[in-house]
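upload.json (JSON, N, CA and C atoms) appears below.
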```
[["chain", "number", "residue", "atom", "x", "y", "z"],
["A", 60, "MET", "N", 98.21, 83.96, 114.43],
["A", 60, "MET", "CA", 99.47, 84.36, 113.84],
["A", 60, "MET", "C", 99.25, 84.77, 112.39],
["A", 61, "ARG", "N", 99.84, 85.87, 112.03],
["A", 61, "ARG", "CA", 99.60, 86.40, 110.69],
["A", 61, "ARG", "C", 100.45, 85.72, 109.63],
["A", 62, "TYR", "N", 101.70, 85.42, 109.93],
["A", 62, "TYR", "CA", 102.61, 84.86, 108.93],
["A", 62, "TYR", "C", 102.93, 83.42, 109.27],
["A", 63, "VAL", "N", 102.83, 82.56, 108.27],
["A", 63, "VAL", "CA", 103.17, 81.16, 108.48],
["A", 63, "VAL", "C", 104.23, 80.73, 107.48],
["A", 64, "ILE", "N", 105.10, 79.86, 107.94],
["A", 64, "ILE", "CA", 106.01, 79.18, 107.03],
["A", 64, "ILE", "C", 105.34, 77.86, 106.70],
["A", 65, "ARG", "N", 105.24, 77.57, 105.43],
["A", 65, "ARG", "CA", 104.60, 76.33, 105.01],
["A", 65, "ARG", "C", 105.34, 75.76, 103.81],
["A", 66, "ASP", "N", 105.10, 74.49, 103.54],
["A", 66, "ASP", "CA", 105.68, 73.92, 102.33],
["A", 66, "ASP", "C", 104.80, 74.35, 101.16],
["A", 67, "ARG", "N", 105.43, 74.68, 100.08],
["A", 67, "ARG", "CA", 104.70, 75.22, 98.92],
["A", 67, "ARG", "C", 103.82, 74.19, 98.25],
["A", 68, "GLN", "N", 104.27, 72.95, 98.21],
["A", 68, "GLN", "CA", 103.53, 71.94, 97.48],
["A", 68, "GLN", "C", 102.20, 71.58, 98.14],
["A", 69, "GLY", "N", 102.24, 71.33, 99.43],
["A", 69, "GLY", "CA", 101.02, 70.89, 100.11],
["A", 69, "GLY", "C", 100.35, 71.95, 100.96],
["A", 70, "GLY", "N", 101.07, 73.05, 101.22],
["A", 70, "GLY", "CA", 100.52, 74.10, 102.06],
["A", 70, "GLY", "C", 100.50, 73.76, 103.54],
["A", 71, "ASN", "N", 101.26, 72.73, 103.92],
["A", 71, "ASN", "CA", 101.31, 72.32, 105.33],
["A", 71, "ASN", "C", 102.07, 73.35, 106.16],
["A", 72, "ILE", "N", 101.46, 73.82, 107.22],
["A", 72, "ILE", "CA", 102.08, 74.83, 108.07],
["A", 72, "ILE", "C", 103.18, 74.20, 108.91],
["A", 73, "ILE", "N", 104.35, 74.83, 108.89],
["A", 73, "ILE", "CA", 105.51, 74.35, 109.63],
["A", 73, "ILE", "C", 105.73, 75.18, 110.88],
["A", 74, "ASP", "N", 105.51, 76.49, 110.79],
["A", 74, "ASP", "CA", 105.70, 77.38, 111.94],
["A", 74, "ASP", "C", 104.87, 78.64, 111.72],
["A", 75, "LYS", "N", 104.62, 79.39, 112.81],
["A", 75, "LYS", "CA", 103.77, 80.58, 112.76],
["A", 75, "LYS", "C", 104.45, 81.74, 113.47],
["A", 76, "TYR", "N", 104.25, 82.96, 112.93],
["A", 76, "TYR", "CA", 104.88, 84.16, 113.50],
["A", 76, "TYR", "C", 103.94, 85.36, 113.38],
["A", 77, "ASP", "N", 104.05, 86.27, 114.33],
["A", 77, "ASP", "CA", 103.34, 87.55, 114.25],
["A", 77, "ASP", "C", 104.14, 88.57, 113.47],
["A", 78, "ASN", "N", 105.45, 88.38, 113.41],
["A", 78, "ASN", "CA", 106.36, 89.35, 112.82],
["A", 78, "ASN", "C", 106.84, 88.87, 111.45],
["A", 79, "LYS", "N", 106.63, 89.70, 110.43],
["A", 79, "LYS", "CA", 107.03, 89.35, 109.06],
["A", 79, "LYS", "C", 108.53, 89.12, 108.95],
["A", 80, "GLY", "N", 109.32, 90.01, 109.54],
["A", 80, "GLY", "CA", 110.77, 89.88, 109.47],
["A", 80, "GLY", "C", 111.28, 88.61, 110.11],
["A", 81, "LYS", "N", 110.70, 88.23, 111.23],
["A", 81, "LYS", "CA", 111.08, 87.00, 111.91],
["A", 81, "LYS", "C", 110.73, 85.78, 111.06],
["A", 82, "ALA", "N", 109.58, 85.79, 110.42],
["A", 82, "ALA", "CA", 109.18, 84.68, 109.57],
["A", 82, "ALA", "C", 110.15, 84.51, 108.40],
["A", 83, "ILE", "N", 110.52, 85.62, 107.77],
["A", 83, "ILE", "CA", 111.47, 85.57, 106.65],
["A", 83, "ILE", "C", 112.83, 85.08, 107.12],
["A", 84, "TYR", "N", 113.29, 85.59, 108.25],
["A", 84, "TYR", "CA", 114.57, 85.17, 108.82],
["A", 84, "TYR", "C", 114.57, 83.66, 109.09],
["A", 85, "MET", "N", 113.51, 83.16, 109.70],
["A", 85, "MET", "CA", 113.45, 81.74, 110.04],
["A", 85, "MET", "C", 113.37, 80.85, 108.80],
["A", 86, "LEU", "N", 112.69, 81.31, 107.76],
["A", 86, "LEU", "CA", 112.66, 80.53, 106.52],
["A", 86, "LEU", "C", 114.08, 80.38, 105.98],
["A", 87, "ASP", "N", 114.85, 81.45, 106.01],
["A", 87, "ASP", "CA", 116.25, 81.38, 105.57],
["A", 87, "ASP", "C", 117.05, 80.40, 106.43],
["A", 88, "ILE", "N", 116.77, 80.36, 107.72],
["A", 88, "ILE", "CA", 117.44, 79.41, 108.61],
["A", 88, "ILE", "C", 117.05, 77.98, 108.24],
["A", 89, "PHE", "N", 115.78, 77.74, 107.99],
["A", 89, "PHE", "CA", 115.33, 76.40, 107.59],
["A", 89, "PHE", "C", 116.05, 75.94, 106.32],
["A", 90, "GLU", "N", 116.14, 76.85, 105.34],
["A", 90, "GLU", "CA", 116.82, 76.49, 104.09],
["A", 90, "GLU", "C", 118.30, 76.20, 104.31],
["A", 91, "ALA", "N", 118.95, 77.01, 105.13],
["A", 91, "ALA", "CA", 120.37, 76.80, 105.40],
["A", 91, "ALA", "C", 120.59, 75.45, 106.09],
["A", 92, "GLN", "N", 119.71, 75.10, 107.03],
["A", 92, "GLN", "CA", 119.83, 73.80, 107.70],
["A", 92, "GLN", "C", 119.59, 72.65, 106.73],
["A", 93, "ASP", "N", 118.62, 72.82, 105.84],
["A", 93, "ASP", "CA", 118.39, 71.78, 104.82],
["A", 93, "ASP", "C", 119.61, 71.60, 103.94],
["A", 94, "LEU", "N", 120.28, 72.69, 103.62],
["A", 94, "LEU", "CA", 121.49, 72.62, 102.80],
["A", 94, "LEU", "C", 122.58, 71.82, 103.54],
["A", 95, "ILE", "N", 122.75, 72.11, 104.82],
["A", 95, "ILE", "CA", 123.73, 71.39, 105.65],
["A", 95, "ILE", "C", 123.36, 69.90, 105.71],
["A", 96, "ASP", "N", 122.08, 69.61, 105.84],
["A", 96, "ASP", "CA", 121.61, 68.22, 105.96],
["A", 96, "ASP", "C", 121.58, 67.49, 104.62],
["A", 97, "GLY", "N", 121.85, 68.21, 103.52],
["A", 97, "GLY", "CA", 121.87, 67.59, 102.20],
["A", 97, "GLY", "C", 120.49, 67.32, 101.63],
["A", 98, "ILE", "N", 119.47, 68.03, 102.12],
["A", 98, "ILE", "CA", 118.10, 67.81, 101.63],
["A", 98, "ILE", "C", 117.48, 69.08, 101.04],
["A", 99, "TYR", "N", 118.31, 70.05, 100.72],
["A", 99, "TYR", "CA", 117.80, 71.34, 100.24],
["A", 99, "TYR", "C", 117.08, 71.20, 98.90],
["A", 100, "GLU", "N", 115.91, 71.81, 98.80],
["A", 100, "GLU", "CA", 115.17, 71.94, 97.56],
["A", 100, "GLU", "C", 114.80, 73.40, 97.39],
["A", 101, "PRO", "N", 115.20, 74.03, 96.29],
["A", 101, "PRO", "CA", 114.86, 75.45, 96.09],
["A", 101, "PRO", "C", 113.35, 75.67, 96.16],
["A", 102, "HIS", "N", 112.96, 76.71, 96.84],
["A", 102, "HIS", "CA", 111.56, 77.14, 96.94],
["A", 102, "HIS", "C", 110.65, 76.07, 97.53],
["A", 103, "PHE", "N", 111.18, 75.24, 98.42],
["A", 103, "PHE", "CA", 110.33, 74.26, 99.10],
["A", 103, "PHE", "C", 109.40, 74.95, 100.09],
["A", 104, "TYR", "N", 109.94, 75.97, 100.79],
["A", 104, "TYR", "CA", 109.18, 76.71, 101.80],
["A", 104, "TYR", "C", 108.66, 78.02, 101.23],
["A", 105, "GLU", "N", 107.66, 78.58, 101.90],
["A", 105, "GLU", "CA", 107.20, 79.93, 101.61],
["A", 105, "GLU", "C", 106.69, 80.57, 102.89],
["A", 106, "VAL", "N", 106.76, 81.90, 102.93],
["A", 106, "VAL", "CA", 106.10, 82.64, 104.00],
["A", 106, "VAL", "C", 104.79, 83.13, 103.42],
["A", 107, "TYR", "N", 103.71, 82.80, 104.08],
["A", 107, "TYR", "CA", 102.37, 83.12, 103.62],
["A", 107, "TYR", "C", 101.71, 84.07, 104.61],
["A", 108, "ASP", "N", 101.15, 85.15, 104.07],
["A", 108, "ASP", "CA", 100.42, 86.13, 104.87],
["A", 108, "ASP", "C", 98.97, 85.66, 104.96],
["A", 109, "THR", "N", 98.55, 85.27, 106.16],
["A", 109, "THR", "CA", 97.21, 84.70, 106.32],
["A", 109, "THR", "C", 96.09, 85.74, 106.26],
["A", 110, "ILE", "N", 96.42, 87.01, 106.41],
["A", 110, "ILE", "CA", 95.40, 88.05, 106.33],
["A", 110, "ILE", "C", 95.16, 88.47, 104.88],
["A", 111, "ASN", "N", 96.25, 88.74, 104.16],
["A", 111, "ASN", "CA", 96.12, 89.15, 102.76],
["A", 111, "ASN", "C", 96.05, 87.96, 101.81],
["A", 112, "LYS", "N", 96.21, 86.76, 102.36],
["A", 112, "LYS", "CA", 96.10, 85.52, 101.59],
["A", 112, "LYS", "C", 97.02, 85.52, 100.37],
["A", 113, "GLU", "N", 98.33, 85.75, 100.66],
["A", 113, "GLU", "CA", 99.31, 85.75, 99.58],
["A", 113, "GLU", "C", 100.68, 85.32, 100.09],
["A", 114, "THR", "N", 101.44, 84.72, 99.18],
["A", 114, "THR", "CA", 102.83, 84.38, 99.48],
["A", 114, "THR", "C", 103.65, 85.65, 99.42],
["A", 115, "ILE", "N", 104.45, 85.89, 100.48],
["A", 115, "ILE", "CA", 105.25, 87.12, 100.49],
["A", 115, "ILE", "C", 106.75, 86.85, 100.38],
["A", 116, "TYR", "N", 107.14, 85.57, 100.49],
["A", 116, "TYR", "CA", 108.57, 85.25, 100.42],
["A", 116, "TYR", "C", 108.74, 83.77, 100.11],
["A", 117, "GLU", "N", 109.68, 83.47, 99.19],
["A", 117, "GLU", "CA", 109.90, 82.10, 98.77],
["A", 117, "GLU", "C", 111.30, 81.60, 99.07],
["A", 118, "GLY", "N", 112.06, 82.34, 99.83],
["A", 118, "GLY", "CA", 113.40, 81.89, 100.19],
["A", 118, "GLY", "C", 114.45, 82.35, 99.20],
["A", 119, "ARG", "N", 115.68, 82.28, 99.67],
["A", 119, "ARG", "CA", 116.79, 82.71, 98.82],
["A", 119, "ARG", "C", 118.11, 82.14, 99.32],
["A", 120, "CYS", "N", 118.17, 80.86, 99.57],
["A", 120, "CYS", "CA", 119.37, 80.24, 100.10],
["A", 120, "CYS", "C", 120.56, 80.63, 99.23],
["A", 121, "PRO", "N", 121.56, 81.29, 99.81],
["A", 121, "PRO", "CA", 122.67, 81.82, 99.01],
["A", 121, "PRO", "C", 123.56, 80.76, 98.40],
["A", 122, "ASN", "N", 123.54, 79.54, 98.93],
["A", 122, "ASN", "CA", 124.40, 78.48, 98.42],
["A", 122, "ASN", "C", 123.60, 77.40, 97.68],
["A", 123, "ALA", "N", 122.48, 77.77, 97.12],
["A", 123, "ALA", "CA", 121.59, 76.80, 96.51],
["A", 123, "ALA", "C", 122.21, 76.10, 95.30],
["A", 124, "ASN", "N", 123.19, 76.69, 94.68],
["A", 124, "ASN", "CA", 123.79, 76.10, 93.49],
["A", 124, "ASN", "C", 124.94, 75.16, 93.79],
["A", 125, "ILE", "N", 125.16, 74.87, 95.05],
["A", 125, "ILE", "CA", 126.26, 73.97, 95.42],
["A", 125, "ILE", "C", 125.89, 72.55, 95.06]]
```
In structure tokens, what does this structure look like?
Amino acid sequence: MRYVIRDRQGGNIIDKYDNKGKAIYMLDIFEAQDLIDGIYEPHFYEVYDTINKETIYEGRCPNANI
């Protein structure tokens, strides 16, 4: 899998995807669920490109300031 969602602090892989758009979409879903659960932390997750070895997305939960 080319794209992984992982926690930024430890680099632990949470999920894997072949599609960049799907990985970004799912990271947003993870953040939204964390917000609902009351455990949201800004930029906890990242989408990492395993081929280019770079972070390509850090999330953007729209209600992060609540």
Requested in this report: Go ahead and find all residues with at least one atom no further than 12 Å from (111.5, 87.8, 107.3) in the file's coordinates, using only C-alpha atoms; report them as a ChimeraX atom specification.
Outcome: /A:62-64,75-88,105-108,115-119
Output N, CA and C atoms for every residue in that selection, as a short mmCIF file (atom, residue, chain, number, x, y, z; two decimals), in the coordinates of the input.
```
data_model
loop_
_atom_site.label_atom_id
_atom_site.label_comp_id
_atom_site.auth_asym_id
_atom_site.auth_seq_id
_atom_site.Cartn_x
_atom_site.Cartn_y
_atom_site.Cartn_z
N TYR A 62 101.70 85.42 109.93
CA TYR A 62 102.61 84.86 108.93
C TYR A 62 102.93 83.42 109.27
N VAL A 63 102.83 82.56 108.27
CA VAL A 63 103.17 81.16 108.48
C VAL A 63 104.23 80.73 107.48
N ILE A 64 105.10 79.86 107.94
CA ILE A 64 106.01 79.18 107.03
C ILE A 64 105.34 77.86 106.70
N LYS A 75 104.62 79.39 112.81
CA LYS A 75 103.77 80.58 112.76
C LYS A 75 104.45 81.74 113.47
N TYR A 76 104.25 82.96 112.93
CA TYR A 76 104.88 84.16 113.50
C TYR A 76 103.94 85.36 113.38
N ASP A 77 104.05 86.27 114.33
CA ASP A 77 103.34 87.55 114.25
C ASP A 77 104.14 88.57 113.47
N ASN A 78 105.45 88.38 113.41
CA ASN A 78 106.36 89.35 112.82
C ASN A 78 106.84 88.87 111.45
N LYS A 79 106.63 89.70 110.43
CA LYS A 79 107.03 89.35 109.06
C LYS A 79 108.53 89.12 108.95
N GLY A 80 109.32 90.01 109.54
CA GLY A 80 110.77 89.88 109.47
C GLY A 80 111.28 88.61 110.11
N LYS A 81 110.70 88.23 111.23
CA LYS A 81 111.08 87.00 111.91
C LYS A 81 110.73 85.78 111.06
N ALA A 82 109.58 85.79 110.42
CA ALA A 82 109.18 84.68 109.57
C ALA A 82 110.15 84.51 108.40
N ILE A 83 110.52 85.62 107.77
CA ILE A 83 111.47 85.57 106.65
C ILE A 83 112.83 85.08 107.12
N TYR A 84 113.29 85.59 108.25
CA TYR A 84 114.57 85.17 108.82
C TYR A 84 114.57 83.66 109.09
N MET A 85 113.51 83.16 109.70
CA MET A 85 113.45 81.74 110.04
C MET A 85 113.37 80.85 108.80
N LEU A 86 112.69 81.31 107.76
CA LEU A 86 112.66 80.53 106.52
C LEU A 86 114.08 80.38 105.98
N ASP A 87 114.85 81.45 106.01
CA ASP A 87 116.25 81.38 105.57
C ASP A 87 117.05 80.40 106.43
N ILE A 88 116.77 80.36 107.72
CA ILE A 88 117.44 79.41 108.61
C ILE A 88 117.05 77.98 108.24
N GLU A 105 107.66 78.58 101.90
CA GLU A 105 107.20 79.93 101.61
C GLU A 105 106.69 80.57 102.89
N VAL A 106 106.76 81.90 102.93
CA VAL A 106 106.10 82.64 104.00
C VAL A 106 104.79 83.13 103.42
N TYR A 107 103.71 82.80 104.08
CA TYR A 107 102.37 83.12 103.62
C TYR A 107 101.71 84.07 104.61
N ASP A 108 101.15 85.15 104.07
CA ASP A 108 100.42 86.13 104.87
C ASP A 108 98.97 85.66 104.96
N ILE A 115 104.45 85.89 100.48
CA ILE A 115 105.25 87.12 100.49
C ILE A 115 106.75 86.85 100.38
N TYR A 116 107.14 85.57 100.49
CA TYR A 116 108.57 85.25 100.42
C TYR A 116 108.74 83.77 100.11
N GLU A 117 109.68 83.47 99.19
CA GLU A 117 109.90 82.10 98.77
C GLU A 117 111.30 81.60 99.07
N GLY A 118 112.06 82.34 99.83
CA GLY A 118 113.40 81.89 100.19
C GLY A 118 114.45 82.35 99.20
N ARG A 119 115.68 82.28 99.67
CA ARG A 119 116.79 82.71 98.82
C ARG A 119 118.11 82.14 99.32
#
```
Query raised in the report: Suppose you want the space between atom CA of Phe89 of chain A and atom CA of Tyr104 of chain A; what is it in Å?
Result: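 We find that atom CA of Phe89 of chain A and atom CA of Tyr104 of chain A lie 8.5 Å from each other.
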Query raised in the report: Between atom N of Asp93 of chain A and atom N of Thr109 of chain A, what is the spacing in Å?
Result: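 These two atoms are separated by 23.6 Å.
For the pair atom CA of Lys112 of chain A and atom CA of Asp74 of chain A, the interatomic distance is 16.3 Å.
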Kindly list the centre and edge lengths in Å, rounded to one decimal, for the axis-aligned box that covers all listed atoms of segment 79-97 of chain A plus 6 Å on each of its six sides, as lines of an AutoDock Vina configuration file.
```
center_x = 115.2
center_y = 78.7
center_z = 106.8
size_x = 29.1
size_y = 34.7
size_z = 22.3
```
Requested in this report: Kindly indicate which residue among A:Phe103, A:Ala91, A:Asn111, A:Asp96 lies nearest to Gln68 of chain A, using only C-alpha atoms for the distances.
Outcome: A:Phe103
